[in-house]
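Participant: Dumping the structure here so I can ask a few things about it.
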Amino acid sequence: MQEKSLPSPLVIVRRAGDISTGTIHRLFKAGFDVLVLETERPSAIRRRVAFSEAVYDGAATVEGVTATRIADTGEISATLARGEVPLLVDPSGESIRLLRPAAVVDAILAKRNLGTSMDMAPLTVALGPGFMAGRDVRYVIETMRGHDLGRIIASGSATPNTGVPGMIGGYGAERVIHAPAAGVFRLLRDIGSVVEAGEAVGCIATPEGDVPVRAKIAGLLRGILRDGYTVPKGFKLADVDPRLDQLKNCATISDKARCIAGSVLELVSAQANMEKRPC
């Protein structure tokens, strides 16, 4: 990786799943230069609203904003100049110290800290549990649905992960489909399909044969893993929305992602304004 003179301030967001994409989209639309760091094999379920799909396809467009995969940091400036978000495969964040960004947002959502530290940038923000504000990062954003969703935490941590999905249309855990076995996931139905309870939406190819992956409830397939992904048993594969009239939601940023994005934008904007003030 080679160091380049970059526009300022640069905001680096680690990962680009559907929740993170909401933050990336909001920051970019607000005029900030954003660089996204991803893994070699992202596993987004809501693929139509995840910039992480650029890792596989070269580019991904969500609500009018395009993220483009780049080969190295030398392509950042040109990508931004084209009005696109540069996305770099850099799971360990090696480029962060090289580029010296104004802010780093940890949007990995792993429920634990995978290597983000407060000294990475003047402003460090983490989404969700697994971080202590004031120790690991400067701020933590609450990601649990409810009254505190999007709350900015300056001291302490977010609500611990409950492992229970939020309620939609009266359904919680039933909405989510997990891998019944380890193997290679094969897609039978794609995002936007209407499925019935018990219907196979995919299968897991194993040495012993194919194991069907079935919906637990009837509804709209809001998200499903990319075909050909190797998964362990229990891996999250799909999400069914019981509200059949919500097809547009398959291709738009969610209310949860927008709420979290607003809180991140508030912090990044405040930091940028503070840096502009004369000494």
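Chain labels A, B, ... are given in the sequence in which chains occur in the structure tokens; within each chain residues are numbered consecutively from 1, and ligands are likewise numbered from 1 in the order shown.
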Excluding same-chain residues fewer than 4 positions from Lys256 of chain A, what lies within 12 Å of it counting only C-alpha atoms, as a ChimeraX atom specification?
Facilitator: /A:18-23,127,141-151,166,252,260-263
Participant: Using only N, CA and C atoms, please write the residues we just selected to a file, as a PDB file, in the first residue's frame.
Facilitator:
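Saved to out.pdb:
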```
ATOM      1  N   ASP A  18     -25.511  -4.439   5.790  1.00  0.00           N
ATOM      2  CA  ASP A  18     -26.656  -3.543   5.597  1.00  0.00           C
ATOM      3  C   ASP A  18     -26.725  -2.430   6.640  1.00  0.00           C
ATOM      4  N   ILE A  19     -26.387  -2.720   7.897  1.00  0.00           N
ATOM      5  CA  ILE A  19     -26.410  -1.669   8.923  1.00  0.00           C
ATOM      6  C   ILE A  19     -25.291  -0.661   8.666  1.00  0.00           C
ATOM      7  N   SER A  20     -24.105  -1.163   8.387  1.00  0.00           N
ATOM      8  CA  SER A  20     -22.975  -0.289   8.094  1.00  0.00           C
ATOM      9  C   SER A  20     -23.201   0.538   6.836  1.00  0.00           C
ATOM     10  N   THR A  21     -23.844  -0.056   5.841  1.00  0.00           N
ATOM     11  CA  THR A  21     -24.110   0.655   4.586  1.00  0.00           C
ATOM     12  C   THR A  21     -24.950   1.901   4.837  1.00  0.00           C
ATOM     13  N   GLY A  22     -25.878   1.836   5.772  1.00  0.00           N
ATOM     14  CA  GLY A  22     -26.656   3.018   6.121  1.00  0.00           C
ATOM     15  C   GLY A  22     -25.768   4.160   6.585  1.00  0.00           C
ATOM     16  N   THR A  23     -24.766   3.829   7.397  1.00  0.00           N
ATOM     17  CA  THR A  23     -23.824   4.844   7.889  1.00  0.00           C
ATOM     18  C   THR A  23     -22.942   5.374   6.766  1.00  0.00           C
ATOM     19  N   LEU A 127     -20.159   0.491  16.667  1.00  0.00           N
ATOM     20  CA  LEU A 127     -21.583   0.192  16.651  1.00  0.00           C
ATOM     21  C   LEU A 127     -21.855  -1.088  17.426  1.00  0.00           C
ATOM     22  N   ILE A 141     -22.365   3.387  19.800  1.00  0.00           N
ATOM     23  CA  ILE A 141     -23.739   3.647  19.390  1.00  0.00           C
ATOM     24  C   ILE A 141     -24.603   2.431  19.711  1.00  0.00           C
ATOM     25  N   GLU A 142     -25.723   2.663  20.381  1.00  0.00           N
ATOM     26  CA  GLU A 142     -26.651   1.572  20.708  1.00  0.00           C
ATOM     27  C   GLU A 142     -27.316   1.046  19.437  1.00  0.00           C
ATOM     28  N   THR A 143     -27.279  -0.281  19.255  1.00  0.00           N
ATOM     29  CA  THR A 143     -27.869  -0.895  18.065  1.00  0.00           C
ATOM     30  C   THR A 143     -29.083  -1.766  18.378  1.00  0.00           C
ATOM     31  N   MET A 144     -29.424  -1.895  19.665  1.00  0.00           N
ATOM     32  CA  MET A 144     -30.593  -2.696  20.030  1.00  0.00           C
ATOM     33  C   MET A 144     -31.873  -1.911  19.744  1.00  0.00           C
ATOM     34  N   ARG A 145     -32.806  -2.543  19.036  1.00  0.00           N
ATOM     35  CA  ARG A 145     -34.092  -1.889  18.777  1.00  0.00           C
ATOM     36  C   ARG A 145     -34.787  -1.540  20.077  1.00  0.00           C
ATOM     37  N   GLY A 146     -35.493  -0.403  20.059  1.00  0.00           N
ATOM     38  CA  GLY A 146     -36.189   0.049  21.254  1.00  0.00           C
ATOM     39  C   GLY A 146     -35.950   1.522  21.499  1.00  0.00           C
ATOM     40  N   HIS A 147     -36.270   1.945  22.697  1.00  0.00           N
ATOM     41  CA  HIS A 147     -36.216   3.368  23.038  1.00  0.00           C
ATOM     42  C   HIS A 147     -34.820   3.960  22.876  1.00  0.00           C
ATOM     43  N   ASP A 148     -33.761   3.170  23.114  1.00  0.00           N
ATOM     44  CA  ASP A 148     -32.398   3.695  23.087  1.00  0.00           C
ATOM     45  C   ASP A 148     -31.674   3.480  21.767  1.00  0.00           C
ATOM     46  N   LEU A 149     -32.342   2.941  20.759  1.00  0.00           N
ATOM     47  CA  LEU A 149     -31.686   2.717  19.471  1.00  0.00           C
ATOM     48  C   LEU A 149     -31.067   4.015  18.954  1.00  0.00           C
ATOM     49  N   GLY A 150     -29.779   3.945  18.614  1.00  0.00           N
ATOM     50  CA  GLY A 150     -29.074   5.122  18.101  1.00  0.00           C
ATOM     51  C   GLY A 150     -28.503   6.025  19.175  1.00  0.00           C
ATOM     52  N   ARG A 151     -28.711   5.697  20.436  1.00  0.00           N
ATOM     53  CA  ARG A 151     -28.182   6.545  21.514  1.00  0.00           C
ATOM     54  C   ARG A 151     -26.657   6.568  21.474  1.00  0.00           C
ATOM     55  N   GLY A 166     -35.174  -8.713  16.409  1.00  0.00           N
ATOM     56  CA  GLY A 166     -36.272  -7.802  16.700  1.00  0.00           C
ATOM     57  C   GLY A 166     -37.581  -8.284  16.091  1.00  0.00           C
ATOM     58  N   THR A 252     -34.038  -1.014   0.022  1.00  0.00           N
ATOM     59  CA  THR A 252     -33.837   0.289   0.665  1.00  0.00           C
ATOM     60  C   THR A 252     -33.253   0.114   2.060  1.00  0.00           C
ATOM     61  N   ILE A 260     -29.092   4.671  13.280  1.00  0.00           N
ATOM     62  CA  ILE A 260     -27.696   4.543  13.698  1.00  0.00           C
ATOM     63  C   ILE A 260     -26.811   5.488  12.888  1.00  0.00           C
ATOM     64  N   ALA A 261     -27.073   5.572  11.589  1.00  0.00           N
ATOM     65  CA  ALA A 261     -26.294   6.453  10.715  1.00  0.00           C
ATOM     66  C   ALA A 261     -26.376   7.910  11.156  1.00  0.00           C
ATOM     67  N   GLY A 262     -27.551   8.330  11.596  1.00  0.00           N
ATOM     68  CA  GLY A 262     -27.716   9.708  12.047  1.00  0.00           C
ATOM     69  C   GLY A 262     -26.845  10.028  13.243  1.00  0.00           C
ATOM     70  N   SER A 263     -26.700   9.068  14.142  1.00  0.00           N
ATOM     71  CA  SER A 263     -25.870   9.283  15.330  1.00  0.00           C
ATOM     72  C   SER A 263     -24.398   9.358  14.959  1.00  0.00           C
TER      73      SER A 263
END
```
Participant: Taking only segment 88-194 of chain A into account, list the residues labelled strand (DSSP E) by DSSP (computed from the backbone), as a VMD selection string.
Facilitator: chain A and resid 88 to 89 103 to 106 123 to 127 139 to 141 152 to 153 176 to 178 183 to 187 194
Participant: Suppose you want the space between atom CA of Val231 of chain A and atom CA of Ser43 of chain A; what is it in Å?
Facilitator: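 Atom CA of Ser43 of chain A lies 9.6 Å from atom CA of Val231 of chain A.
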Participant: Excluding Ser95 of chain A and any residue of its chain fewer than 3 positions from it, enumerate the residues within 12 Å of it, using only C-alpha atoms, and give them as a list in words.
Facilitator: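 Once the adjacent positions are removed, what remains is Met1, Gln2, Glu3, Lys4, Ile12, Val13, Arg14, Leu35, Val36, Leu37, Glu38, Asp72, Thr73, Gly74, Ile76, Leu87, Leu88, Val89, Asp90, Pro91, Ser92, Leu98, Leu99, Arg100, Pro101, Val104 and Met120 of chain A.
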Participant: DSSP on the backbone, alpha helix (DSSP H) only: what residues of segment 170-278 of chain A does that give? Format it as a list in words.
Facilitator: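 Everything in segment 170-278 of chain A that counts as alpha helix (DSSP H) is Asp255, Lys256, Ala257, Arg258, Cys259, Ile260, Ala261, Gly262, Ser263, Val264, Leu265, Glu266, Leu267, Val268, Ser269, Ala270, Gln271, Ala272, Asn273, Met274, Glu275 and Lys276 of chain A.
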Participant: May I have a table of the residues of segment 124-167 of chain A lying at most 12 Å from segment 266-277 of chain A, giving each one's closest pair of atoms and their distance in Å to one decimal, counting only C-alpha atoms, ordered by chain and ascending residue number, as CSV?
Facilitator:
```
residue,atom,partner,partner_atom,distance
A:Thr124,CA,A:Val268,CA,9.3
A:Val125,CA,A:Leu267,CA,8.4
A:Ala126,CA,A:Leu267,CA,11.5
A:Arg138,CA,A:Leu267,CA,10.1
A:Tyr139,CA,A:Leu267,CA,8.6
A:Val140,CA,A:Leu267,CA,10.5
A:Ile141,CA,A:Leu267,CA,10.2
A:Gly150,CA,A:Glu266,CA,10.8
A:Arg151,CA,A:Glu266,CA,11.1
A:Ile152,CA,A:Leu267,CA,8.6
A:Ile153,CA,A:Leu267,CA,11.0
A:Ala154,CA,A:Leu267,CA,10.9
```
Participant: Output N, CA, C and O atoms for every residue in the selection just made, as a short mmCIF file (atom, residue, chain, number, x, y, z; two decimals), in the first residue's frame.
Facilitator:
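What ended up in again_38.cif:
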```cif
data_model
loop_
_atom_site.label_atom_id
_atom_site.label_comp_id
_atom_site.auth_asym_id
_atom_site.auth_seq_id
_atom_site.Cartn_x
_atom_site.Cartn_y
_atom_site.Cartn_z
N THR A 124 -13.05 7.85 17.24
CA THR A 124 -13.32 6.43 17.01
C THR A 124 -14.71 6.11 17.55
O THR A 124 -15.06 6.49 18.67
N VAL A 125 -15.49 5.41 16.73
CA VAL A 125 -16.87 5.08 17.07
C VAL A 125 -17.09 3.60 16.79
O VAL A 125 -16.62 3.08 15.77
N ALA A 126 -17.81 2.93 17.68
CA ALA A 126 -18.14 1.52 17.47
C ALA A 126 -19.65 1.34 17.53
O ALA A 126 -20.32 1.97 18.35
N ARG A 138 -13.91 6.13 21.48
CA ARG A 138 -14.43 7.32 22.18
C ARG A 138 -15.93 7.22 22.41
O ARG A 138 -16.43 7.62 23.47
N TYR A 139 -16.65 6.68 21.42
CA TYR A 139 -18.11 6.58 21.55
C TYR A 139 -18.60 5.23 21.05
O TYR A 139 -18.02 4.63 20.14
N VAL A 140 -19.70 4.79 21.65
CA VAL A 140 -20.40 3.59 21.22
C VAL A 140 -21.82 3.99 20.85
O VAL A 140 -22.42 4.86 21.50
N ILE A 141 -22.36 3.39 19.80
CA ILE A 141 -23.74 3.65 19.39
C ILE A 141 -24.60 2.43 19.71
O ILE A 141 -24.25 1.30 19.36
N GLY A 150 -29.78 3.95 18.61
CA GLY A 150 -29.07 5.12 18.10
C GLY A 150 -28.50 6.02 19.17
O GLY A 150 -27.84 7.02 18.85
N ARG A 151 -28.71 5.70 20.44
CA ARG A 151 -28.18 6.54 21.51
C ARG A 151 -26.66 6.57 21.47
O ARG A 151 -26.00 5.54 21.29
N ILE A 152 -26.08 7.76 21.65
CA ILE A 152 -24.63 7.93 21.69
C ILE A 152 -24.16 7.72 23.12
O ILE A 152 -24.60 8.41 24.04
N ILE A 153 -23.26 6.78 23.30
CA ILE A 153 -22.75 6.43 24.63
C ILE A 153 -21.31 6.92 24.76
O ILE A 153 -20.44 6.49 24.00
N ALA A 154 -21.08 7.82 25.69
CA ALA A 154 -19.74 8.38 25.90
C ALA A 154 -18.98 7.67 27.00
O ALA A 154 -17.75 7.79 27.11
#
```
Participant: Excluding Ala182 of chain A and any residue of its chain fewer than 6 positions from it, enumerate the residues within 7 Å of it, using only C-alpha atoms, and give them as a PDB file with C-alpha atoms, in the first residue's frame.
Facilitator:
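Below is the file that was written, part.pdb:
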```
ATOM      1  CA  THR A 206     -22.676 -31.828   2.211  1.00  0.00           C
ATOM      2  CA  VAL A 231     -21.064 -22.148   6.103  1.00  0.00           C
ATOM      3  CA  PRO A 232     -20.797 -23.870   9.479  1.00  0.00           C
ATOM      4  CA  LYS A 233     -23.881 -25.384  11.089  1.00  0.00           C
TER       5      LYS A 233
END
```
Participant: Distance table requested - segment 25-135 of chain A against segment 235-248 of chain A, cut-off 10 Å, only C-alpha atoms: one row per qualifying residue with the closest atom pair and its distance in Å to one decimal, ordered by chain and rising residue number, as a tab-separated table.
Facilitator:
```
residue	atom	partner	partner_atom	distance
A:Ser43	CA	A:Leu237	CA	8.9
A:Ala44	CA	A:Leu237	CA	9.1
A:Ile45	CA	A:Ala238	CA	6.1
A:Arg46	CA	A:Asp239	CA	8.2
```
Participant: Using C-alpha atoms, can you write the selected residues to a file as a compact mmCIF listing (two decimals), in the first residue's frame?
Facilitator:
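In the end it all went to result_5.txt:
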```
# COMPACT_ATOMS: atom_id res chain seq x y z
CA SER A 43 -21.59 -12.68 4.40
CA ALA A 44 -24.31 -10.05 4.14
CA ILE A 45 -27.87 -11.39 4.12
CA ARG A 46 -29.57 -8.19 2.90
```
